[in-house]
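Heads up: the structure comes next, in structure tokens.
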Amino acid sequence: MEPSELTRLWEVSDAVLHALREGLVVVDPAGRQQVVNDEARRLLPAGPGGGVRFPAPLQRLVDGAGEPSGPGEEPVDDVVVTDDRVLVVSRTAAVWEGRRVGTVLTLRDHTELQALTRDLRAVRGLAEALRSQAHEAANRLHVVVTLVERGRADDAVRFATRELAQAQQLTDLVVADVADPALAALLIGKSAQAAEVGVELEVEPGTALGEGVLPARDLVTVVGNLVDNAVEAALAAPAPRWARVLVTGPPHVPGVLEVRVTDSGPGFGPGGLEQALARGWSRKEQRLAGGDGGGSAGHGLGLALVGQVVRRHGGTVRHEAPETVDDGGGAVVVALPVPPRPGEPAEEPVGRAVAP
């Protein structure tokens with residue numbers, strides 16, 4: 001080929017490479033990055049020499065993470081959670097004449113899609129909670145009507161009063177002390193959902209939080225995923241099945257928002273929670289960990305998203321081992337520092353129990 005043709009071929013190839021809407025990184029067998037396009041630079045932190053830096057879960061995928069490394073290996077697709085993104089990553093061997101010459105990584109940004117999926121799941125959960133509450137209300141109304149028809153009006157009044165008091169207890173607790181509307185709706189909805197599957201979800205009396213302490217999406221991500229995991233863990237344990245949640249923060253507790261979730265499940269094995277939060281939980285790793293007996297099975301992308309929020313806000317997360325039978329499988333505690341509002345005294349920063 002003539003030099004001009006080579007130049008044009010290079011220009012077209014380079015333009016196409018950087019016009020791709022998927023991130024592309026090519027790594028040679030020695031681990032050096034040979035090709036990095038613009039989208040990859042947008043999705044990943046900057047590295048030395050114009051390259052990118054691989055977060056730990058992505059680096060394990062690049063290194064093979066125990067997968068076969070021969071030239072004929074099958075492509076690997078996985079979900080990787082970094083500090084601020086949810087990425088779908090594909091790893092493929094680059095082969096020339098039967099010889100492996102490198103690894104090709106393609107990256108697709110699913111952060112917004114995942115956020116929308118979480119929002120949709122929350123809406124569906126609330127709708128399901130309303131449906132179950134409507135079903136229960138219809139059953140109770142039927143009992144009241146039947147008692148009245150049989151001339152037992154006093155029994156109907158006692159039954160209706162008792163049921164109303166029980167149903168109103170949680171609502172009164174949440175409405176009185178939780179000013180954040182997203183959290184209040186979430187706690188009431190999750191309680192109804194848990195009851196429908198046979199798990200008693202208790203919102204502990206000390207729960208209290210002001211409005212706007214944390215962005216609603218982050219608050220729902222942390223509390224919702226921790227409660228979901230607690231309910232799933234309780235379902236895997238023998239009866240009685242229960243879960244408890246305690247949320248405290250400004251203005252009642254200045255300087256820190258704390259979420260404490262306990263359940264009757266088996267709890268995490270040694271280092272299980274830290275591993276899930278620190279590495280970015282992936283579907284393949286979740287499947288591999290499913291039979292470890294450490295209580296971490298089923299804790300999929302949700303825990304990684306909790307860890308993402310914790311890292312973004314500079315908080316901590318820890319697992320407290322049970323001390324008594326009433327502690328079930330122990331508690332997962334998330335603490336997030338909250339900057340003081342104008343006129344409030346500054347608090348000491350939250351210590352790092354675990355660096356997720």
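We label chains A, B, ... in the order they appear in the structure tokens, count residues from 1 in each chain, and number ligands from 1 in the order shown.
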
Please provide the set of residues having any atom within 8 Å of region 206-221 of chain A, restricted to only C-alpha atoms, with same-chain residues fewer than 5 positions apart removed, written as a PDB file with N, CA and C atoms, in the first residue's frame.
ATOM      1  N   ARG A 118     -34.048   0.537  39.639  1.00  0.00           N
ATOM      2  CA  ARG A 118     -34.299   0.605  41.079  1.00  0.00           C
ATOM      3  C   ARG A 118     -35.544   1.425  41.373  1.00  0.00           C
ATOM      4  N   VAL A 174     -43.974   6.099  62.061  1.00  0.00           N
ATOM      5  CA  VAL A 174     -43.202   6.608  60.936  1.00  0.00           C
ATOM      6  C   VAL A 174     -43.540   8.066  60.653  1.00  0.00           C
ATOM      7  N   ASP A 177     -42.114  10.579  63.391  1.00  0.00           N
ATOM      8  CA  ASP A 177     -40.676  10.778  63.597  1.00  0.00           C
ATOM      9  C   ASP A 177     -39.831  10.774  62.330  1.00  0.00           C
ATOM     10  N   VAL A 178     -40.394  10.373  61.197  1.00  0.00           N
ATOM     11  CA  VAL A 178     -39.637  10.343  59.941  1.00  0.00           C
ATOM     12  C   VAL A 178     -40.198  11.426  59.022  1.00  0.00           C
ATOM     13  N   ALA A 179     -39.467  12.511  58.910  1.00  0.00           N
ATOM     14  CA  ALA A 179     -39.946  13.635  58.095  1.00  0.00           C
ATOM     15  C   ALA A 179     -39.661  13.434  56.615  1.00  0.00           C
ATOM     16  N   ASP A 180     -38.700  12.560  56.292  1.00  0.00           N
ATOM     17  CA  ASP A 180     -38.375  12.335  54.890  1.00  0.00           C
ATOM     18  C   ASP A 180     -39.480  11.497  54.242  1.00  0.00           C
ATOM     19  N   PRO A 181     -40.203  12.032  53.253  1.00  0.00           N
ATOM     20  CA  PRO A 181     -41.346  11.298  52.687  1.00  0.00           C
ATOM     21  C   PRO A 181     -40.949  10.011  51.976  1.00  0.00           C
ATOM     22  N   ALA A 182     -39.790  10.009  51.296  1.00  0.00           N
ATOM     23  CA  ALA A 182     -39.362   8.804  50.579  1.00  0.00           C
ATOM     24  C   ALA A 182     -39.095   7.663  51.554  1.00  0.00           C
ATOM     25  N   LEU A 183     -38.421   7.966  52.670  1.00  0.00           N
ATOM     26  CA  LEU A 183     -38.119   6.927  53.654  1.00  0.00           C
ATOM     27  C   LEU A 183     -39.396   6.454  54.343  1.00  0.00           C
ATOM     28  N   LEU A 186     -41.203   4.189  52.029  1.00  0.00           N
ATOM     29  CA  LEU A 186     -40.457   2.940  51.855  1.00  0.00           C
ATOM     30  C   LEU A 186     -40.668   2.005  53.041  1.00  0.00           C
ATOM     31  N   LEU A 246     -33.635   0.112  62.027  1.00  0.00           N
ATOM     32  CA  LEU A 246     -33.547   1.331  62.828  1.00  0.00           C
ATOM     33  C   LEU A 246     -32.793   2.371  62.012  1.00  0.00           C
ATOM     34  N   VAL A 247     -33.412   3.515  61.787  1.00  0.00           N
ATOM     35  CA  VAL A 247     -32.793   4.611  61.031  1.00  0.00           C
ATOM     36  C   VAL A 247     -32.776   5.845  61.914  1.00  0.00           C
ATOM     37  N   THR A 248     -31.592   6.390  62.136  1.00  0.00           N
ATOM     38  CA  THR A 248     -31.470   7.608  62.947  1.00  0.00           C
ATOM     39  C   THR A 248     -30.585   8.615  62.218  1.00  0.00           C
ATOM     40  N   GLY A 249     -30.809   9.876  62.500  1.00  0.00           N
ATOM     41  CA  GLY A 249     -30.005  10.914  61.855  1.00  0.00           C
ATOM     42  C   GLY A 249     -30.485  12.291  62.243  1.00  0.00           C
ATOM     43  N   PRO A 250     -29.887  13.326  61.650  1.00  0.00           N
ATOM     44  CA  PRO A 250     -30.264  14.707  61.965  1.00  0.00           C
ATOM     45  C   PRO A 250     -31.760  14.937  61.743  1.00  0.00           C
ATOM     46  N   PRO A 251     -32.365  15.823  62.511  1.00  0.00           N
ATOM     47  CA  PRO A 251     -31.754  16.613  63.589  1.00  0.00           C
ATOM     48  C   PRO A 251     -31.688  15.884  64.929  1.00  0.00           C
ATOM     49  N   HIS A 252     -32.223  14.674  65.005  1.00  0.00           N
ATOM     50  CA  HIS A 252     -32.277  13.947  66.281  1.00  0.00           C
ATOM     51  C   HIS A 252     -30.885  13.470  66.697  1.00  0.00           C
ATOM     52  N   LEU A 257     -25.913   9.863  59.761  1.00  0.00           N
ATOM     53  CA  LEU A 257     -27.114   9.078  59.479  1.00  0.00           C
ATOM     54  C   LEU A 257     -26.729   7.614  59.622  1.00  0.00           C
ATOM     55  N   GLY A 302     -27.526  -5.593  44.852  1.00  0.00           N
ATOM     56  CA  GLY A 302     -27.995  -4.635  45.858  1.00  0.00           C
ATOM     57  C   GLY A 302     -26.932  -4.234  46.846  1.00  0.00           C
ATOM     58  N   LEU A 305     -24.421  -1.891  45.375  1.00  0.00           N
ATOM     59  CA  LEU A 305     -24.950  -0.534  45.240  1.00  0.00           C
ATOM     60  C   LEU A 305     -24.962   0.183  46.588  1.00  0.00           C
ATOM     61  N   VAL A 306     -25.219  -0.560  47.662  1.00  0.00           N
ATOM     62  CA  VAL A 306     -25.095   0.030  48.996  1.00  0.00           C
ATOM     63  C   VAL A 306     -23.661   0.493  49.225  1.00  0.00           C
ATOM     64  N   VAL A 309     -22.898   3.750  47.407  1.00  0.00           N
ATOM     65  CA  VAL A 309     -23.390   4.942  48.109  1.00  0.00           C
ATOM     66  C   VAL A 309     -22.506   5.269  49.305  1.00  0.00           C
ATOM     67  N   VAL A 338     -23.036  13.387  57.793  1.00  0.00           N
ATOM     68  CA  VAL A 338     -23.946  14.398  57.252  1.00  0.00           C
ATOM     69  C   VAL A 338     -23.386  15.767  57.602  1.00  0.00           C
TER      70      VAL A 338
END

Backbone DSSP call of strand (DSSP E or B) for region 151-321 of chain A, listed as a PyMOL selection string:
chain A and resi 178+200-203+208-209+242-248+256-263+316-320

Create the file for the chosen residues now, containing N, CA and C atoms and written as a tab-separated table (two decimals), in the first residue's frame.
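again13.tsv, freshly written:
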chain	number	residue	atom	x	y	z
A	178	VAL	N	-40.39	10.37	61.20
A	178	VAL	CA	-39.64	10.34	59.94
A	178	VAL	C	-40.20	11.43	59.02
A	200	GLU	N	-42.05	-10.80	59.68
A	200	GLU	CA	-42.46	-9.63	60.46
A	200	GLU	C	-41.35	-8.58	60.44
A	201	LEU	N	-41.59	-7.47	59.76
A	201	LEU	CA	-40.62	-6.39	59.70
A	201	LEU	C	-40.99	-5.33	60.73
A	202	GLU	N	-40.11	-5.13	61.69
A	202	GLU	CA	-40.35	-4.16	62.75
A	202	GLU	C	-39.50	-2.91	62.51
A	203	VAL	N	-40.16	-1.77	62.46
A	203	VAL	CA	-39.46	-0.50	62.44
A	203	VAL	C	-39.26	-0.10	63.90
A	208	ALA	N	-35.93	7.82	63.61
A	208	ALA	CA	-36.27	9.24	63.46
A	208	ALA	C	-35.28	9.88	62.50
A	209	LEU	N	-35.79	10.65	61.57
A	209	LEU	CA	-34.92	11.29	60.57
A	209	LEU	C	-35.61	12.53	60.02
A	242	TRP	N	-38.23	-12.86	61.13
A	242	TRP	CA	-38.40	-11.45	61.43
A	242	TRP	C	-37.20	-10.65	60.93
A	243	ALA	N	-37.41	-9.35	60.82
A	243	ALA	CA	-36.34	-8.41	60.49
A	243	ALA	C	-36.64	-7.11	61.23
A	244	ARG	N	-35.59	-6.40	61.59
A	244	ARG	CA	-35.75	-5.13	62.29
A	244	ARG	C	-34.90	-4.07	61.60
A	245	VAL	N	-35.43	-2.85	61.53
A	245	VAL	CA	-34.67	-1.75	60.94
A	245	VAL	C	-34.77	-0.54	61.85
A	246	LEU	N	-33.63	0.11	62.03
A	246	LEU	CA	-33.55	1.33	62.83
A	246	LEU	C	-32.79	2.37	62.01
A	247	VAL	N	-33.41	3.52	61.79
A	247	VAL	CA	-32.79	4.61	61.03
A	247	VAL	C	-32.78	5.85	61.91
A	248	THR	N	-31.59	6.39	62.14
A	248	THR	CA	-31.47	7.61	62.95
A	248	THR	C	-30.58	8.61	62.22
A	256	VAL	N	-24.48	12.45	61.73
A	256	VAL	CA	-24.36	11.12	61.13
A	256	VAL	C	-25.75	10.51	60.91
A	257	LEU	N	-25.91	9.86	59.76
A	257	LEU	CA	-27.11	9.08	59.48
A	257	LEU	C	-26.73	7.61	59.62
A	258	GLU	N	-27.45	6.89	60.46
A	258	GLU	CA	-27.12	5.48	60.70
A	258	GLU	C	-28.32	4.60	60.38
A	259	VAL	N	-28.06	3.53	59.64
A	259	VAL	CA	-29.07	2.53	59.30
A	259	VAL	C	-28.60	1.20	59.88
A	260	ARG	N	-29.43	0.61	60.73
A	260	ARG	CA	-29.09	-0.67	61.37
A	260	ARG	C	-30.19	-1.68	61.03
A	261	VAL	N	-29.81	-2.78	60.41
A	261	VAL	CA	-30.78	-3.80	60.00
A	261	VAL	C	-30.35	-5.15	60.59
A	262	THR	N	-31.29	-5.79	61.26
A	262	THR	CA	-31.07	-7.09	61.89
A	262	THR	C	-32.13	-8.06	61.38
A	263	ASP	N	-31.77	-9.33	61.28
A	263	ASP	CA	-32.76	-10.32	60.83
A	263	ASP	C	-32.52	-11.66	61.50
A	316	THR	N	-19.18	4.47	56.45
A	316	THR	CA	-18.67	3.16	56.87
A	316	THR	C	-19.80	2.14	56.86
A	317	VAL	N	-19.42	0.88	56.80
A	317	VAL	CA	-20.39	-0.20	56.91
A	317	VAL	C	-19.72	-1.34	57.66
A	318	ARG	N	-20.48	-1.97	58.54
A	318	ARG	CA	-19.89	-3.06	59.33
A	318	ARG	C	-20.96	-4.09	59.66
A	319	HIS	N	-20.48	-5.28	59.98
A	319	HIS	CA	-21.37	-6.36	60.43
A	319	HIS	C	-21.08	-6.61	61.89
A	320	GLU	N	-22.12	-6.52	62.73
A	320	GLU	CA	-21.97	-6.77	64.15
A	320	GLU	C	-22.46	-8.18	64.45

Write out as a ChimeraX atom specification each polymer residue whose atoms come within 10 Å of region 132-139 of chain A, counting only C-alpha atoms; drop sequence neighbours fewer than 2 positions from it.
/A:126-130,141-144,163-164,167,189,192-193,195-196

Point out the residue among A:Gly269, A:Pro339, A:Pro29, A:Gly198 with the least atom-to-atom distance to Val101 (chain A), counting only C-alpha atoms.
A:Pro29

Between CA of Val81 (chain A) and CA of Pro57 (chain A), what is the distance, to one decimal in Å?
7.7 Å

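The coordinates place CA of Glu204 (chain A) at 17.2 Å from CA of Ala165 (chain A).
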
Quick check for you: according to DSSP on this backbone, which residues of region 226-279 of chain A are classed as helix (DSSP H, G or I)? Reply as a PDB file with all heavy atoms, in the first residue's frame.
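Saved to out_30.pdb:
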ATOM      1  N   LEU A 226     -30.848  -3.077  52.040  1.00  0.00           N
ATOM      2  CA  LEU A 226     -30.551  -3.765  53.291  1.00  0.00           C
ATOM      3  C   LEU A 226     -31.789  -4.489  53.823  1.00  0.00           C
ATOM      4  O   LEU A 226     -31.695  -5.628  54.309  1.00  0.00           O
ATOM      5  CB  LEU A 226     -30.027  -2.770  54.331  1.00  0.00           C
ATOM      6  CG  LEU A 226     -28.631  -2.196  54.079  1.00  0.00           C
ATOM      7  CD1 LEU A 226     -28.238  -1.250  55.201  1.00  0.00           C
ATOM      8  CD2 LEU A 226     -27.587  -3.296  53.936  1.00  0.00           C
ATOM      9  N   VAL A 227     -32.945  -3.842  53.734  1.00  0.00           N
ATOM     10  CA  VAL A 227     -34.175  -4.491  54.205  1.00  0.00           C
ATOM     11  C   VAL A 227     -34.522  -5.688  53.319  1.00  0.00           C
ATOM     12  O   VAL A 227     -34.904  -6.763  53.817  1.00  0.00           O
ATOM     13  CB  VAL A 227     -35.332  -3.474  54.239  1.00  0.00           C
ATOM     14  CG1 VAL A 227     -36.666  -4.189  54.452  1.00  0.00           C
ATOM     15  CG2 VAL A 227     -35.108  -2.455  55.346  1.00  0.00           C
ATOM     16  N   ASP A 228     -34.388  -5.534  52.001  1.00  0.00           N
ATOM     17  CA  ASP A 228     -34.669  -6.653  51.097  1.00  0.00           C
ATOM     18  C   ASP A 228     -33.790  -7.856  51.420  1.00  0.00           C
ATOM     19  O   ASP A 228     -34.258  -9.002  51.458  1.00  0.00           O
ATOM     20  CB  ASP A 228     -34.451  -6.231  49.643  1.00  0.00           C
ATOM     21  CG  ASP A 228     -35.580  -5.354  49.127  1.00  0.00           C
ATOM     22  OD1 ASP A 228     -36.639  -5.302  49.777  1.00  0.00           O
ATOM     23  OD2 ASP A 228     -35.385  -4.698  48.077  1.00  0.00           O
ATOM     24  N   ASN A 229     -32.507  -7.610  51.636  1.00  0.00           N
ATOM     25  CA  ASN A 229     -31.594  -8.710  51.955  1.00  0.00           C
ATOM     26  C   ASN A 229     -31.938  -9.347  53.292  1.00  0.00           C
ATOM     27  O   ASN A 229     -31.813 -10.568  53.468  1.00  0.00           O
ATOM     28  CB  ASN A 229     -30.150  -8.196  51.967  1.00  0.00           C
ATOM     29  CG  ASN A 229     -29.597  -8.033  50.566  1.00  0.00           C
ATOM     30  OD1 ASN A 229     -29.761  -8.898  49.719  1.00  0.00           O
ATOM     31  ND2 ASN A 229     -28.951  -6.909  50.308  1.00  0.00           N
ATOM     32  N   ALA A 230     -32.377  -8.523  54.259  1.00  0.00           N
ATOM     33  CA  ALA A 230     -32.749  -9.052  55.566  1.00  0.00           C
ATOM     34  C   ALA A 230     -33.985  -9.946  55.452  1.00  0.00           C
ATOM     35  O   ALA A 230     -34.049 -11.017  56.069  1.00  0.00           O
ATOM     36  CB  ALA A 230     -33.007  -7.902  56.543  1.00  0.00           C
ATOM     37  N   VAL A 231     -34.957  -9.518  54.664  1.00  0.00           N
ATOM     38  CA  VAL A 231     -36.168 -10.319  54.483  1.00  0.00           C
ATOM     39  C   VAL A 231     -35.835 -11.636  53.781  1.00  0.00           C
ATOM     40  O   VAL A 231     -36.325 -12.712  54.164  1.00  0.00           O
ATOM     41  CB  VAL A 231     -37.228  -9.525  53.691  1.00  0.00           C
ATOM     42  CG1 VAL A 231     -38.393 -10.420  53.290  1.00  0.00           C
ATOM     43  CG2 VAL A 231     -37.722  -8.339  54.518  1.00  0.00           C
ATOM     44  N   GLU A 232     -34.978 -11.579  52.750  1.00  0.00           N
ATOM     45  CA  GLU A 232     -34.577 -12.799  52.054  1.00  0.00           C
ATOM     46  C   GLU A 232     -33.839 -13.747  52.994  1.00  0.00           C
ATOM     47  O   GLU A 232     -34.040 -14.974  52.954  1.00  0.00           O
ATOM     48  CB  GLU A 232     -33.694 -12.443  50.863  1.00  0.00           C
ATOM     49  CG  GLU A 232     -34.443 -11.747  49.734  1.00  0.00           C
ATOM     50  CD  GLU A 232     -33.506 -11.251  48.653  1.00  0.00           C
ATOM     51  OE1 GLU A 232     -32.301 -11.572  48.727  1.00  0.00           O
ATOM     52  OE2 GLU A 232     -33.965 -10.545  47.738  1.00  0.00           O
ATOM     53  N   ALA A 233     -32.967 -13.184  53.834  1.00  0.00           N
ATOM     54  CA  ALA A 233     -32.232 -14.019  54.783  1.00  0.00           C
ATOM     55  C   ALA A 233     -33.187 -14.651  55.793  1.00  0.00           C
ATOM     56  O   ALA A 233     -33.044 -15.822  56.162  1.00  0.00           O
ATOM     57  CB  ALA A 233     -31.169 -13.196  55.495  1.00  0.00           C
ATOM     58  N   ALA A 234     -34.185 -13.893  56.256  1.00  0.00           N
ATOM     59  CA  ALA A 234     -35.147 -14.419  57.224  1.00  0.00           C
ATOM     60  C   ALA A 234     -35.977 -15.544  56.607  1.00  0.00           C
ATOM     61  O   ALA A 234     -36.293 -16.529  57.283  1.00  0.00           O
ATOM     62  CB  ALA A 234     -36.061 -13.299  57.712  1.00  0.00           C
ATOM     63  N   LEU A 235     -36.307 -15.409  55.332  1.00  0.00           N
ATOM     64  CA  LEU A 235     -37.083 -16.454  54.662  1.00  0.00           C
ATOM     65  C   LEU A 235     -36.313 -17.768  54.576  1.00  0.00           C
ATOM     66  O   LEU A 235     -36.920 -18.845  54.515  1.00  0.00           O
ATOM     67  CB  LEU A 235     -37.466 -15.990  53.250  1.00  0.00           C
ATOM     68  CG  LEU A 235     -38.598 -14.971  53.159  1.00  0.00           C
ATOM     69  CD1 LEU A 235     -38.740 -14.459  51.731  1.00  0.00           C
ATOM     70  CD2 LEU A 235     -39.906 -15.590  53.639  1.00  0.00           C
ATOM     71  N   GLY A 272     -17.515 -11.927  54.958  1.00  0.00           N
ATOM     72  CA  GLY A 272     -18.440 -12.007  53.828  1.00  0.00           C
ATOM     73  C   GLY A 272     -18.983 -10.665  53.390  1.00  0.00           C
ATOM     74  O   GLY A 272     -19.015 -10.357  52.196  1.00  0.00           O
ATOM     75  N   LEU A 273     -19.409  -9.852  54.348  1.00  0.00           N
ATOM     76  CA  LEU A 273     -19.971  -8.547  54.003  1.00  0.00           C
ATOM     77  C   LEU A 273     -18.903  -7.639  53.412  1.00  0.00           C
ATOM     78  O   LEU A 273     -19.121  -6.972  52.392  1.00  0.00           O
ATOM     79  CB  LEU A 273     -20.588  -7.899  55.239  1.00  0.00           C
ATOM     80  CG  LEU A 273     -21.143  -6.487  55.030  1.00  0.00           C
ATOM     81  CD1 LEU A 273     -22.277  -6.499  54.015  1.00  0.00           C
ATOM     82  CD2 LEU A 273     -21.625  -5.897  56.356  1.00  0.00           C
ATOM     83  N   GLU A 274     -17.733  -7.605  54.032  1.00  0.00           N
ATOM     84  CA  GLU A 274     -16.652  -6.753  53.539  1.00  0.00           C
ATOM     85  C   GLU A 274     -16.263  -7.134  52.110  1.00  0.00           C
ATOM     86  O   GLU A 274     -16.001  -6.273  51.275  1.00  0.00           O
ATOM     87  CB  GLU A 274     -15.421  -6.853  54.460  1.00  0.00           C
ATOM     88  CG  GLU A 274     -15.618  -6.244  55.843  1.00  0.00           C
ATOM     89  CD  GLU A 274     -16.291  -7.211  56.808  1.00  0.00           C
ATOM     90  OE1 GLU A 274     -16.834  -8.243  56.346  1.00  0.00           O
ATOM     91  OE2 GLU A 274     -16.279  -6.923  58.026  1.00  0.00           O
ATOM     92  N   GLN A 275     -16.215  -8.436  51.835  1.00  0.00           N
ATOM     93  CA  GLN A 275     -15.852  -8.899  50.502  1.00  0.00           C
ATOM     94  C   GLN A 275     -16.881  -8.438  49.473  1.00  0.00           C
ATOM     95  O   GLN A 275     -16.537  -7.942  48.402  1.00  0.00           O
ATOM     96  CB  GLN A 275     -15.758 -10.427  50.498  1.00  0.00           C
ATOM     97  CG  GLN A 275     -15.303 -11.008  49.173  1.00  0.00           C
ATOM     98  CD  GLN A 275     -15.292 -12.526  49.183  1.00  0.00           C
ATOM     99  OE1 GLN A 275     -16.132 -13.141  49.835  1.00  0.00           O
ATOM    100  NE2 GLN A 275     -14.361 -13.120  48.475  1.00  0.00           N
ATOM    101  N   ALA A 276     -18.155  -8.575  49.812  1.00  0.00           N
ATOM    102  CA  ALA A 276     -19.208  -8.189  48.875  1.00  0.00           C
ATOM    103  C   ALA A 276     -19.177  -6.700  48.585  1.00  0.00           C
ATOM    104  O   ALA A 276     -19.367  -6.268  47.448  1.00  0.00           O
ATOM    105  CB  ALA A 276     -20.573  -8.585  49.443  1.00  0.00           C
ATOM    106  N   LEU A 277     -18.929  -5.886  49.612  1.00  0.00           N
ATOM    107  CA  LEU A 277     -18.947  -4.442  49.430  1.00  0.00           C
ATOM    108  C   LEU A 277     -17.663  -3.920  48.800  1.00  0.00           C
ATOM    109  O   LEU A 277     -17.686  -2.972  48.025  1.00  0.00           O
ATOM    110  CB  LEU A 277     -19.156  -3.757  50.786  1.00  0.00           C
ATOM    111  CG  LEU A 277     -20.534  -3.976  51.430  1.00  0.00           C
ATOM    112  CD1 LEU A 277     -20.496  -3.542  52.880  1.00  0.00           C
ATOM    113  CD2 LEU A 277     -21.598  -3.208  50.673  1.00  0.00           C
ATOM    114  N   ALA A 278     -16.544  -4.542  49.118  1.00  0.00           N
ATOM    115  CA  ALA A 278     -15.264  -3.994  48.691  1.00  0.00           C
ATOM    116  C   ALA A 278     -14.970  -4.291  47.232  1.00  0.00           C
ATOM    117  O   ALA A 278     -14.370  -3.486  46.534  1.00  0.00           O
ATOM    118  CB  ALA A 278     -14.133  -4.549  49.563  1.00  0.00           C
ATOM    119  N   ARG A 279     -15.367  -5.436  46.744  1.00  0.00           N
ATOM    120  CA  ARG A 279     -14.903  -5.835  45.429  1.00  0.00           C
ATOM    121  C   ARG A 279     -15.867  -5.463  44.315  1.00  0.00           C
ATOM    122  O   ARG A 279     -15.550  -5.607  43.140  1.00  0.00           O
ATOM    123  CB  ARG A 279     -14.668  -7.342  45.404  1.00  0.00           C
ATOM    124  CG  ARG A 279     -15.936  -8.184  45.514  1.00  0.00           C
ATOM    125  CD  ARG A 279     -15.546  -9.631  45.614  1.00  0.00           C
ATOM    126  NE  ARG A 279     -16.720 -10.508  45.639  1.00  0.00           N
ATOM    127  CZ  ARG A 279     -16.634 -11.820  45.754  1.00  0.00           C
ATOM    128  NH1 ARG A 279     -15.453 -12.384  45.848  1.00  0.00           N
ATOM    129  NH2 ARG A 279     -17.705 -12.571  45.778  1.00  0.00           N
TER     130      ARG A 279
END

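Distance-wise, CA of Leu336 (chain A) and CA of Asp84 (chain A) end up 16.4 Å apart.
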
Could you list, as a VMD selection string, every residue within 12 Å of Gly51 (chain A), counting only C-alpha atoms and ignoring same-chain residues fewer than 5 positions away?
chain A and resid 24 to 27 31 to 46

Those selected residues, please, written with C-alpha atoms and delivered as an mmCIF file, in the first residue's frame.
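Result went into selection-v4.cif, see below:
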data_model
loop_
_atom_site.group_PDB
_atom_site.id
_atom_site.type_symbol
_atom_site.label_atom_id
_atom_site.label_comp_id
_atom_site.auth_asym_id
_atom_site.auth_seq_id
_atom_site.Cartn_x
_atom_site.Cartn_y
_atom_site.Cartn_z
ATOM 1 C CA LEU A 24 -12.856 -0.203 24.357
ATOM 2 C CA VAL A 25 -9.571 -1.210 25.979
ATOM 3 C CA VAL A 26 -7.052 -3.613 24.453
ATOM 4 C CA VAL A 27 -4.458 -5.112 26.810
ATOM 5 C CA GLY A 31 -0.792 -6.297 30.894
ATOM 6 C CA ARG A 32 0.053 -3.101 28.994
ATOM 7 C CA GLN A 33 -2.815 -1.062 27.567
ATOM 8 C CA GLN A 34 -2.353 -0.770 23.818
ATOM 9 C CA VAL A 35 -5.670 0.837 22.825
ATOM 10 C CA VAL A 36 -7.986 3.043 24.900
ATOM 11 C CA ASN A 37 -10.826 4.955 23.263
ATOM 12 C CA ASP A 38 -12.582 8.127 24.442
ATOM 13 C CA GLU A 39 -15.606 6.354 25.965
ATOM 14 C CA ALA A 40 -13.329 4.128 28.058
ATOM 15 C CA ARG A 41 -11.582 7.242 29.372
ATOM 16 C CA ARG A 42 -14.992 8.684 30.309
ATOM 17 C CA LEU A 43 -16.086 5.553 32.156
ATOM 18 C CA LEU A 44 -12.865 4.749 34.016
ATOM 19 C CA PRO A 45 -10.444 6.804 36.146
ATOM 20 C CA ALA A 46 -7.407 8.244 34.387
#
